[in-house]
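All remarks here apply to the structure that follows.
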Amino acid sequence: MRRRRVEGVDDPLSPPERYDGQVLEAQLHLLDRQVLDVDEVPVSVVDDVELTDAPWGEPIPEGTPPPVITALLSGPVLGTRIFGGRPPASRLHRVVWRHVSDVGTVIRLGVRGSGLDVTWTERWLRDHVIARIPGGRHDPD
């Protein structure tokens, strides 16, 4: 059976347009994925993605190059997922895209997570809460 070509309508079975770089679908490849640093230590989970030149709520004009990922965002989004809305941008922590070395089942970084802003809560808890517990300043023997 031959498909009839309609003028001005893309054929849904034609191959997609090719772009330089890897094409990722945010919901499938990025959101809710665990982020590991270069030492395989868990850093965070991806809650949102920051893009370049992607107008919010407006259609992207024909022929415009696709948006590019600039950062992975992580932060307290559970409440907004349950009740709706968006957390303030100041509450989200950015992991710059240039630090990402691999996207697979987990997202791997090419840097240590200890220096990233996304881990400040764990560092604060370690220094101000866990360190005050007897034996909390060293690994068990």
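Starting from 1 in every chain, residues are counted up; chains themselves are A, B, ... following the order of the structure tokens, and ligands are numbered from 1 as listed.
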- For A:Val45: contacts at 8 Å, only C-alpha atoms, fewer than 6 positions along chain excluded, given as a VMD selection string: chain A and resid 31 to 35 74
- Message: Could you list, as a PyMOL selection string, every residue within 8 Å of A:Leu36, counting only C-alpha atoms and ignoring same-chain residues fewer than 5 positions away?
- Response: chain A and resi 41-44+106-109+113
- Please report, as a PyMOL selection string, each residue of chain A to which DSSP assigns strand (DSSP E) when run on this structure's backbone. chain A and resi 34-36+42-45+48-51+69-74+93-96+100-103+107-109
- Task: Compare A:Ala26, A:Glu40, A:Arg94, A:Thr70 by their minimum atom-to-atom distance to A:Thr119, counting only C-alpha atoms, and give me the closest one.
- Result: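 Checking each candidate against A:Thr119, we get A:Arg94 as the closest.
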- Task: Using atom CA of A:Pro67 and atom CA of A:Gln27 as the two end points, give the distance in Å to one decimal.
- Result: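 Taking atom CA of A:Pro67 as the start and atom CA of A:Gln27 as the end point, the length is 14.9 Å.
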- Task: For A:Val100, please output as an NGL selection string all residues within 9 Å (counting only C-alpha atoms; exclusion window: fewer than 2 positions along the same chain).
- Result: :A and (37 or 95-98 or 102-103 or 107-111)
- Item | Pairwise distance for atom CA of A:Val118 and atom CA of A:Thr80, rounded to one decimal in Å |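 Atom-to-atom, atom CA of A:Val118 to atom CA of A:Thr80, that is 18.7 Å.
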- Message: DSSP on the backbone: which residues in stretch 17-130 of chain A end up as alpha helix (DSSP H)? Give the answer as a PyMOL selection string.
- Response: chain A and resi 78-83+120-128
Could you write out that same residue set with N, CA, C and O atoms as an mmCIF file, in the first residue's frame?
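Result file is again07.cif:
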```cif
data_model
loop_
_atom_site.group_PDB
_atom_site.id
_atom_site.type_symbol
_atom_site.label_atom_id
_atom_site.label_comp_id
_atom_site.auth_asym_id
_atom_site.auth_seq_id
_atom_site.Cartn_x
_atom_site.Cartn_y
_atom_site.Cartn_z
ATOM 1 N N LEU A 78 9.049 17.636 45.431
ATOM 2 C CA LEU A 78 8.004 16.675 45.763
ATOM 3 C C LEU A 78 6.665 17.359 46.014
ATOM 4 O O LEU A 78 5.635 16.951 45.485
ATOM 5 N N GLY A 79 6.671 18.427 46.783
ATOM 6 C CA GLY A 79 5.430 19.146 47.069
ATOM 7 C C GLY A 79 4.780 19.703 45.815
ATOM 8 O O GLY A 79 3.558 19.654 45.657
ATOM 9 N N THR A 80 5.581 20.228 44.911
ATOM 10 C CA THR A 80 5.013 20.786 43.686
ATOM 11 C C THR A 80 4.509 19.691 42.755
ATOM 12 O O THR A 80 3.580 19.915 41.996
ATOM 13 N N ARG A 81 5.098 18.511 42.812
ATOM 14 C CA ARG A 81 4.591 17.401 41.999
ATOM 15 C C ARG A 81 3.243 16.920 42.525
ATOM 16 O O ARG A 81 2.393 16.494 41.765
ATOM 17 N N ILE A 82 3.048 16.982 43.830
ATOM 18 C CA ILE A 82 1.791 16.530 44.423
ATOM 19 C C ILE A 82 0.706 17.606 44.291
ATOM 20 O O ILE A 82 -0.405 17.324 43.864
ATOM 21 N N PHE A 83 1.051 18.850 44.636
ATOM 22 C CA PHE A 83 0.057 19.910 44.701
ATOM 23 C C PHE A 83 0.054 20.834 43.483
ATOM 24 O O PHE A 83 -0.800 21.703 43.371
ATOM 25 N N TRP A 120 25.062 20.577 49.154
ATOM 26 C CA TRP A 120 25.264 21.399 50.354
ATOM 27 C C TRP A 120 24.452 20.899 51.534
ATOM 28 O O TRP A 120 24.913 20.980 52.674
ATOM 29 N N THR A 121 23.247 20.367 51.310
ATOM 30 C CA THR A 121 22.434 19.909 52.445
ATOM 31 C C THR A 121 23.088 18.716 53.139
ATOM 32 O O THR A 121 23.095 18.640 54.362
ATOM 33 N N GLU A 122 23.659 17.802 52.351
ATOM 34 C CA GLU A 122 24.341 16.652 52.957
ATOM 35 C C GLU A 122 25.581 17.093 53.717
ATOM 36 O O GLU A 122 25.863 16.580 54.803
ATOM 37 N N ARG A 123 26.328 18.043 53.155
ATOM 38 C CA ARG A 123 27.521 18.539 53.853
ATOM 39 C C ARG A 123 27.127 19.253 55.145
ATOM 40 O O ARG A 123 27.766 19.092 56.183
ATOM 41 N N TRP A 124 26.045 20.051 55.100
ATOM 42 C CA TRP A 124 25.591 20.765 56.285
ATOM 43 C C TRP A 124 25.151 19.774 57.364
ATOM 44 O O TRP A 124 25.508 19.925 58.531
ATOM 45 N N LEU A 125 24.367 18.755 56.983
ATOM 46 C CA LEU A 125 23.936 17.741 57.954
ATOM 47 C C LEU A 125 25.136 16.998 58.543
ATOM 48 O O LEU A 125 25.177 16.728 59.744
ATOM 49 N N ARG A 126 26.122 16.666 57.700
ATOM 50 C CA ARG A 126 27.307 15.973 58.180
ATOM 51 C C ARG A 126 28.046 16.819 59.215
ATOM 52 O O ARG A 126 28.434 16.323 60.277
ATOM 53 N N ASP A 127 28.225 18.111 58.915
ATOM 54 C CA ASP A 127 29.024 18.974 59.785
ATOM 55 C C ASP A 127 28.289 19.438 61.034
ATOM 56 O O ASP A 127 28.897 19.630 62.085
ATOM 57 N N HIS A 128 26.961 19.648 60.956
ATOM 58 C CA HIS A 128 26.221 20.238 62.067
ATOM 59 C C HIS A 128 25.375 19.250 62.865
ATOM 60 O O HIS A 128 24.990 19.541 63.986
#
```
- Length of the atom CA of A:Val77 to atom CA of A:Val46 vector [Å]: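 Atom CA of A:Val46 lies at a distance of 10.3 Å from atom CA of A:Val77.
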- Determine the nearest neighbour of A:Pro66 from the options A:Ile130, A:Leu24, A:His93, A:Gly85, counting only C-alpha atoms.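 Going through A:Ile130, A:Leu24, A:His93, A:Gly85 one by one, the smallest distance to A:Pro66 is for A:Leu24.
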- Item | Which of A:Glu25, A:Asp39, A:Asp48, A:Asp117 sits closest to A:Leu73 [using only C-alpha atoms] |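 Among the listed residues, the smallest separation from A:Leu73 belongs to A:Asp48.
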